[in-house]
Structure formats: C-alpha cells, structure tokens
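Worksheet: one structure, shown below.
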Amino acid sequence: MGWNSWNYFHQNVSDVIIRQIADTIASNGMLEAGYSYIVIDDGWQGQRDANGRLHPNEHFPDMKELADYVHAKGLKLGIYSSPGPQTCGKHEGSYGHEVEDARTFAEWGVDFLKYDWCTASRVYLPSESQAVFQKMGAALQATGREILYSLCQYGMEDVWSWGPDVGASTWRTTADIHADFGTMHQNALTQQMAAQFSGPGHWNDPDMLEVGNVGMNDLENRSHMNLWAMLAAPLFAGNDVRTMTETTRGILLKRELIAIDQDGLGRQAVLKRKLGGFEIWERLLENGDRAVLLLNVAGMPESHEFSWRSIDVPVPMSILDPWSTKAIPATAQIRIDLRSHESRLLRLSFR
C-alpha cells in the first residue's frame with residue numbers, strides 16, 4: 001500500500017511535491033491505515049555521467065536526502081525505471097545499466113522499484129520478457145538492500161506465472177487505468193484470468209487507484225475501492241492527497257475495507273454470476289468468512305433478489321456491511337437495490 005505520483009502529477013513531479021505528499025500521508029491517517037510507500041513515477045531522471053551513473057534532474061537536487069526525509073516520516077521511498085533505452089516519458093531507461101542503476105537506487109535508500117516495459121520493445125521481443133526482468137531482479141538482489149520489485153508490462157507473456165521467479169512481488173495484469181468507470185471496471189475483469197496466481201508475496205496488480213481524481217463520482221470511486229479490495233490488489237493512491245475532500249479520504253481510509261484487501265489468505269475474488277446489470281463477486285477470507293460484492297454496471301438503477309445458494313455460498317450466520325459497520329439480517333434470500341455504477345460489499349460469517 002502506498003501512493004504513486006503518476007495518475008495526478010504525471011511527469012510534473014519534484015522534491016518539493018514528494019516532501020509535501022510525505023508530510024500529508026504521515027499526518028492524515030493514511031500511514032496508520034497502511035499506506036507506507038511514496039513512489040516517484042516517471043519524470044525524475046536526468047542524464048548519465050561519464051561513468052554511466054544516472055543522476056536525477058534539477059527538480060530532485062539530492063535523492064538520498066529526499067529518501068532520508070521520507071524515512072524519517074516512517075514511510076518508504078519508491079522510484080521508477082524501464083528495461084528499455086527510454087522510459088515511457090522519453091527519459092533515460094536502465095537498458096545496459098541494470099547493475100549500475102540498482103546500486104544507485106540502493107545507495108539512495110530506495111525501497112521500491114516500479115519497472116515499466118515502455119521502450120523495451122525496441123530492443124527485446126515480448127517472448128524475452130522473463131529474462132529481461134530477471135536482469136534487474138538479480139541486480140536488485142545483489143545490492144543487499146530490500147527493494148520491493150514491481151513489474152509493469154501490462155500482463156504480456158503471462159507475467160503472473162513467472163513474476164516470482166524474477167524476484168517480483170507485484171506485476172501489472174492490465175492496460176493503464178484511467179479515471180472513468182469503464183476502463184476501471186475492464187481492468188478488474190481482465191485480471192480474472194490470473195486469479196489463481198494471487199497470494200501472499202505475489203500480487204496481481206490492476207493498476208493504481210484513481211479515487212479522488214476527476215472522472216468518477218463518489219459512487220464510482222467507492223465501487224472502484226470495493227473492486228480493488230475484492231481483487232486483493234495493491235492499494236496505491238493516485239490523487240493529490242494534500243487537497244482531497246473528506247469523502248475521498250473516507251473512501252481511501254476505510255479500515256474494514258482495507259482489512260479485506262489485505263486479508264492474509266491473499267485469495268483474489270472471482271466473478272460468480274451476472275443478474276441483468278448486476279455482477280456478483282466472491283472472495284474467500286483467511287478466517288473462513290467470505291466477502292461478496294454486488295456491483296451494478298448498468299447505466300440505470302436495478303434491483304435484484306437472489307439466494308446465497310444460487311452462487312454456491314452457504315447461508316451465513318451473520319452479515320456485516322464494512323462501510324456502515326452495521327449488521328444486516330442474515331436470511332437465505334437477499335434483495336439489493338443499486339443505482340448505476342453503485343456497489344454493495346458484504347462480509348459473511350458462518351460461525
């Protein structure tokens with residue numbers, strides 16, 4: 001869990017902004033809720049010197065000092081690069097400099113690397129993906145510093161089947177997310193193909209959160225958060241946390257929802273059934289509970305009644321709404337009314 005600069009700031013990022021974000025996350029409840037990584041995405045890079053060492057641009061005068069500042073807040077610092085000659089933003093990539101860059105990142109005190117395919121297609125075939133990402137994975141391991149390795153190559157070559165072998169903890173399964181319900185929902189559907197590979201230490205990543213950015217309303221933002229929790233997805237906020245509304249903060253910090261996302265079993269939800277515009281998703285939890293999400297993907301309100309047995313779920317002893325933290329009647333049948341793009345998440349207990 002953490003925050004990433006790309007969705008809101010894109011390449012307009014700086015030392016000043018990162019310090020302000022760190023200050024905010026350390027003081028607004030996000031750190032206590034689990035958002036511990038501050039990831040600088042594309043746009044920090046400068047040029048290489050005569051020895052091949054990569055330096056940050058003028059907006060980041062001292063990356064080691066910045067890392068120390070972030071660490072002093074109880075947070076961890078992440079950074080971004082690409083196995084290609086250039087990053088997606090046309091900055092210096094790590095192609096041919098994997099060992100040097102890994103050492104540099106470790107010397108700076110970096111704790112997380114997002115490694116984005118980008119221009120790697122200029123010099124590698126997609127079929128070489130595993131070997132390509134292995135280069136940086138081995139280089140990071142050789143530094144002796146614990147650096148979480150996050151792959152971003154959009155699900156090509158079934159990355160979920162070999163990601164752990166190259167030292168990665170997370171890997172993107174989808175195209176880039178955007179702040180609209182359609183692309184967000186499509187990323188959730190796309191990740192279904194990799195459900196069996198999700199588990200502790202190896203996570204399918206449908207991309208960063210767009211909660212709080214322009215493009216989705218509050219109902220859609222809540223559905224976005226519900227879906228990511230059901231998918232056991234890495235939760236990386238992508239908004240400007242310095243100026244977010246209390247509604248956005250409430251969505252990002254909902255502890256009962258975060259508990260489902262971070263559940264120790266690490267099992268990803270599956271889409272069990274469709275009823276008209278409703279989707280019914282189910283996720284098994286470590287203590288034997290089940291999380292069930294009802295999502296209305298239609299462009300109009302819909303109401304549906306169904307039995308738990310119809311989705312192969314036993315009748316629960318109790319049902320909790322994580323958003324209201326209130327119990328609702330545990331009956332064999334349930335009726336749900338949802339507005340367009342609204343969702344209802346329920347936690348079912350059988351004890």
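Convention: chains lettered A, B, ... in structure tokens order; per-chain residue numbering from 1; ligands numbered from 1 as shown.
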
For this session: Using DSSP on the backbone coordinates, identify all residues within segment 58-277 of chain A classified as strand (DSSP E); present the result as number ranges by chain.
Result: A: 76-81, 112-116, 148-152, 170-172, 203-205, 236-237, 270-275

Would you write out those residues with C-alpha atoms, as a compact mmCIF listing (two decimals), in the first residue's frame?
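Produced file out.txt, reproduced below:
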# COMPACT_ATOMS: atom_id res chain seq x y z
CA LYS A 76 9.36 4.22 2.35
CA LEU A 77 10.53 5.68 -0.96
CA GLY A 78 9.85 4.16 -4.37
CA ILE A 79 11.24 5.04 -7.78
CA TYR A 80 10.59 4.23 -11.43
CA SER A 81 12.63 2.98 -14.39
CA PHE A 112 10.57 0.06 -4.12
CA LEU A 113 11.16 -0.08 -7.88
CA LYS A 114 8.41 0.13 -10.48
CA TYR A 115 9.97 -1.28 -13.67
CA ASP A 116 7.95 -0.38 -16.76
CA LEU A 148 10.27 -4.36 -3.44
CA TYR A 149 10.25 -5.15 -7.17
CA SER A 150 7.07 -4.21 -9.06
CA LEU A 151 6.74 -5.18 -12.73
CA CYS A 152 4.76 -3.11 -15.20
CA THR A 170 3.67 -7.47 -7.86
CA TRP A 171 3.01 -7.37 -11.59
CA ARG A 172 0.59 -5.47 -13.74
CA TRP A 203 0.13 -9.99 -6.19
CA ASN A 204 -1.78 -9.32 -9.39
CA ASP A 205 -1.90 -5.57 -10.00
CA PHE A 236 -1.63 2.78 -4.29
CA ALA A 237 -3.49 6.07 -4.09
CA VAL A 270 -13.93 -14.35 -8.73
CA LEU A 271 -16.96 -13.18 -10.67
CA LYS A 272 -19.60 -15.76 -9.72
CA ARG A 273 -22.75 -14.63 -11.50
CA LYS A 274 -24.46 -11.91 -13.52
CA LEU A 275 -28.06 -10.81 -12.95

Problem set entry | DSSP-assigned helix (DSSP H, G or I) members of segment 108-342 of chain A, reported as a count of residues only | 81

Exercise. Which residue, A:Ser169, A:Ser307, A:Gln262, A:Thr87, has the smallest gap to Trp228 of chain A when you use only C-alpha atoms?
Worked result: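 Ranked by minimum distance to Trp228 of chain A, first place goes to A:Gln262.
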
Exercise. Using only C-alpha atoms, which of the listed residues (A:Lys73, A:Lys326, A:His304, A:Arg267) sits closest to Arg347 of chain A?
Worked result: A:Lys326

For this session: Find the spatial neighbours of Ala138 of chain A, counting only C-alpha atoms, within a cut-off of 12 Å - ignore same-chain residues fewer than 2 positions away - and output them as a VMD selection string.
Result: chain A and resid 98 to 99 102 to 103 130 to 136 140 to 145 147 149 165 to 168

For this session: Within 12 Å of Gln86 of chain A, counting only C-alpha atoms, which residues show up once you throw out same-chain ones fewer than 5 positions away? Write them as a PyMOL selection string, please.
Result: chain A and resi 42-43+45-47+80-81+91-97+115-123

Export, as a compact mmCIF listing (two decimals), in the first residue's frame, the selected residues with C-alpha atoms.
# COMPACT_ATOMS: atom_id res chain seq x y z
CA ASP A 42 8.35 8.79 -14.43
CA GLY A 43 9.88 12.25 -14.75
CA GLN A 45 15.51 11.29 -14.34
CA GLY A 46 18.36 13.47 -15.53
CA GLN A 47 21.40 12.29 -17.50
CA TYR A 80 10.59 4.23 -11.43
CA SER A 81 12.63 2.98 -14.39
CA HIS A 91 13.72 9.80 -20.12
CA GLU A 92 16.80 7.67 -19.53
CA GLY A 93 15.97 3.97 -19.08
CA SER A 94 18.03 1.22 -17.47
CA TYR A 95 18.88 -0.71 -20.66
CA GLY A 96 22.50 -1.84 -20.41
CA HIS A 97 22.83 -0.20 -16.98
CA TYR A 115 9.97 -1.28 -13.67
CA ASP A 116 7.95 -0.38 -16.76
CA TRP A 117 8.31 -2.17 -20.15
CA CYS A 118 7.87 1.04 -22.23
CA THR A 119 10.58 1.13 -24.96
CA ALA A 120 11.94 -2.32 -24.18
CA SER A 121 10.10 -3.48 -27.30
CA ARG A 122 12.73 -1.62 -29.35
CA VAL A 123 15.48 -3.95 -28.17

For this session: Excluding segment 31-38 of chain A and any residue of its chain fewer than 5 positions from it, enumerate the residues within 10 Å of it, using only C-alpha atoms, and give them as a PyMOL selection string.
Result: chain A and resi 1-5+18-19+21-22+24-26+67+70-71+73-79+111-112+235-237+252-255+258-259+262

Could you save those same residues with N, CA and C atoms as a short mmCIF file (atom, residue, chain, number, x, y, z; two decimals), in the first residue's frame?
data_model
loop_
_atom_site.label_atom_id
_atom_site.label_comp_id
_atom_site.auth_asym_id
_atom_site.auth_seq_id
_atom_site.Cartn_x
_atom_site.Cartn_y
_atom_site.Cartn_z
N MET A 1 0.84 -1.19 0.00
CA MET A 1 0.00 0.00 0.00
C MET A 1 0.87 1.24 0.00
N GLY A 2 0.39 2.26 -0.68
CA GLY A 2 1.16 3.49 -0.72
C GLY A 2 0.51 4.53 -1.61
N TRP A 3 1.36 5.35 -2.20
CA TRP A 3 0.93 6.44 -3.09
C TRP A 3 1.89 6.50 -4.26
N ASN A 4 1.38 6.80 -5.45
CA ASN A 4 2.20 6.93 -6.65
C ASN A 4 1.88 8.25 -7.34
N SER A 5 2.89 8.89 -7.89
CA SER A 5 2.75 10.24 -8.43
C SER A 5 2.07 10.32 -9.79
N ILE A 18 7.07 15.77 -3.44
CA ILE A 18 7.19 14.50 -2.73
C ILE A 18 7.28 14.72 -1.22
N ARG A 19 8.00 15.74 -0.79
CA ARG A 19 8.06 16.05 0.64
C ARG A 19 6.69 16.45 1.18
N ILE A 21 3.77 15.53 -0.04
CA ILE A 21 2.96 14.32 -0.01
C ILE A 21 3.32 13.47 1.21
N ALA A 22 4.61 13.32 1.47
CA ALA A 22 5.06 12.55 2.63
C ALA A 22 4.54 13.17 3.93
N THR A 24 1.89 14.93 4.32
CA THR A 24 0.44 14.74 4.40
C THR A 24 0.10 13.31 4.80
N ILE A 25 0.70 12.34 4.14
CA ILE A 25 0.38 10.94 4.41
C ILE A 25 0.78 10.55 5.83
N ALA A 26 1.85 11.14 6.32
CA ALA A 26 2.30 10.83 7.68
C ALA A 26 1.39 11.41 8.75
N ALA A 67 15.19 10.61 0.32
CA ALA A 67 14.87 9.31 0.91
C ALA A 67 14.97 9.37 2.43
N VAL A 70 11.86 11.07 3.76
CA VAL A 70 10.70 10.18 3.71
C VAL A 70 10.79 9.12 4.80
N HIS A 71 11.98 8.55 4.98
CA HIS A 71 12.15 7.52 6.01
C HIS A 71 11.92 8.08 7.41
N LYS A 73 9.81 10.10 8.27
CA LYS A 73 8.36 10.18 8.47
C LYS A 73 7.73 8.82 8.74
N GLY A 74 8.56 7.76 8.73
CA GLY A 74 8.03 6.41 8.89
C GLY A 74 7.55 5.80 7.60
N LEU A 75 7.90 6.42 6.47
CA LEU A 75 7.47 5.98 5.15
C LEU A 75 8.64 5.38 4.38
N LYS A 76 8.35 4.79 3.23
CA LYS A 76 9.36 4.22 2.35
C LYS A 76 9.30 4.91 0.99
N LEU A 77 10.46 4.97 0.32
CA LEU A 77 10.53 5.68 -0.96
C LEU A 77 10.62 4.70 -2.12
N GLY A 78 9.81 4.94 -3.15
CA GLY A 78 9.85 4.16 -4.37
C GLY A 78 10.28 5.00 -5.55
N ILE A 79 10.78 4.34 -6.59
CA ILE A 79 11.24 5.04 -7.78
C ILE A 79 10.86 4.23 -9.00
N ASP A 111 13.34 1.94 -1.59
CA ASP A 111 12.71 0.74 -1.03
C ASP A 111 11.80 0.01 -2.01
N PHE A 112 11.59 0.59 -3.19
CA PHE A 112 10.57 0.06 -4.12
C PHE A 112 10.98 0.49 -5.53
N LEU A 235 -2.85 -1.45 -3.08
CA LEU A 235 -3.59 -0.19 -2.97
C LEU A 235 -2.60 0.97 -3.00
N PHE A 236 -2.49 1.61 -4.15
CA PHE A 236 -1.63 2.78 -4.29
C PHE A 236 -2.49 3.97 -4.72
N ALA A 237 -2.72 4.87 -3.78
CA ALA A 237 -3.49 6.07 -4.09
C ALA A 237 -2.79 6.85 -5.19
N LEU A 252 -10.58 6.13 0.95
CA LEU A 252 -9.23 5.57 0.97
C LEU A 252 -8.86 4.98 2.33
N LEU A 253 -9.44 5.51 3.40
CA LEU A 253 -9.03 5.09 4.74
C LEU A 253 -10.02 4.15 5.42
N LYS A 254 -10.98 3.62 4.69
CA LYS A 254 -11.98 2.76 5.32
C LYS A 254 -11.32 1.47 5.80
N ARG A 255 -11.09 1.37 7.09
CA ARG A 255 -10.27 0.29 7.64
C ARG A 255 -10.88 -1.09 7.43
N ILE A 258 -10.00 -2.00 3.92
CA ILE A 258 -8.58 -2.30 3.80
C ILE A 258 -8.28 -3.68 4.39
N ALA A 259 -8.98 -4.05 5.46
CA ALA A 259 -8.77 -5.36 6.07
C ALA A 259 -9.11 -6.48 5.10
N GLN A 262 -6.27 -6.55 2.43
CA GLN A 262 -5.01 -7.05 2.97
C GLN A 262 -5.16 -8.40 3.67
#

Problem set entry | Atomic separation - atom CA of Glu246 of chain A relative to atom CA of Pro301 of chain A, Å |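 Computing it gives 26.2 Å between the two atoms.
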
Problem set entry | Residue contacts of segment 219-224 of chain A (10 Å, only C-alpha atoms) excluding same-chain residues fewer than 3 positions away, as number ranges by chain | A: 179-181, 184-185, 188, 209-213, 215-216, 227-230, 247-248, 250-252, 293-297, 323, 339-345

For this session: For Glu157 of chain A, please output as a VMD selection string all residues within 7 Å (counting only C-alpha atoms; exclusion window: fewer than 2 positions along the same chain).
Result: chain A and resid 126 to 127 155 159

Exercise. What is the distance between atom CA of Trp44 of chain A and atom CA of Tyr8 of chain A, in Å to one decimal?
Worked result: 15.0 Å

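In this comparison, which uses only C-alpha atoms, the residue of A:Ile311, A:Met193, A:Ala106, A:Val16 approaching Glu279 of chain A most closely is A:Ile311.
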
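Nearest residue to Trp281 of chain A, choosing from A:Asp158, A:Asp240, A:Asp312, A:Asp68 and counting only C-alpha atoms: A:Asp312.
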
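Comparing A:Thr245, A:Gln192, A:Asn51, A:Gln11 by their smallest distance to Leu231 of chain A, the closest is A:Gln192 (using only C-alpha atoms).
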
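Taking atom CA of His202 of chain A as the reference point, atom CA of Val39 of chain A is found at 18.9 Å.
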
Problem set entry | Nearest to Pro164 of chain A, chosen from A:Asp41, A:His10, A:Asn187, A:Gly199, with only C-alpha atoms counted in the distances | A:Gly199
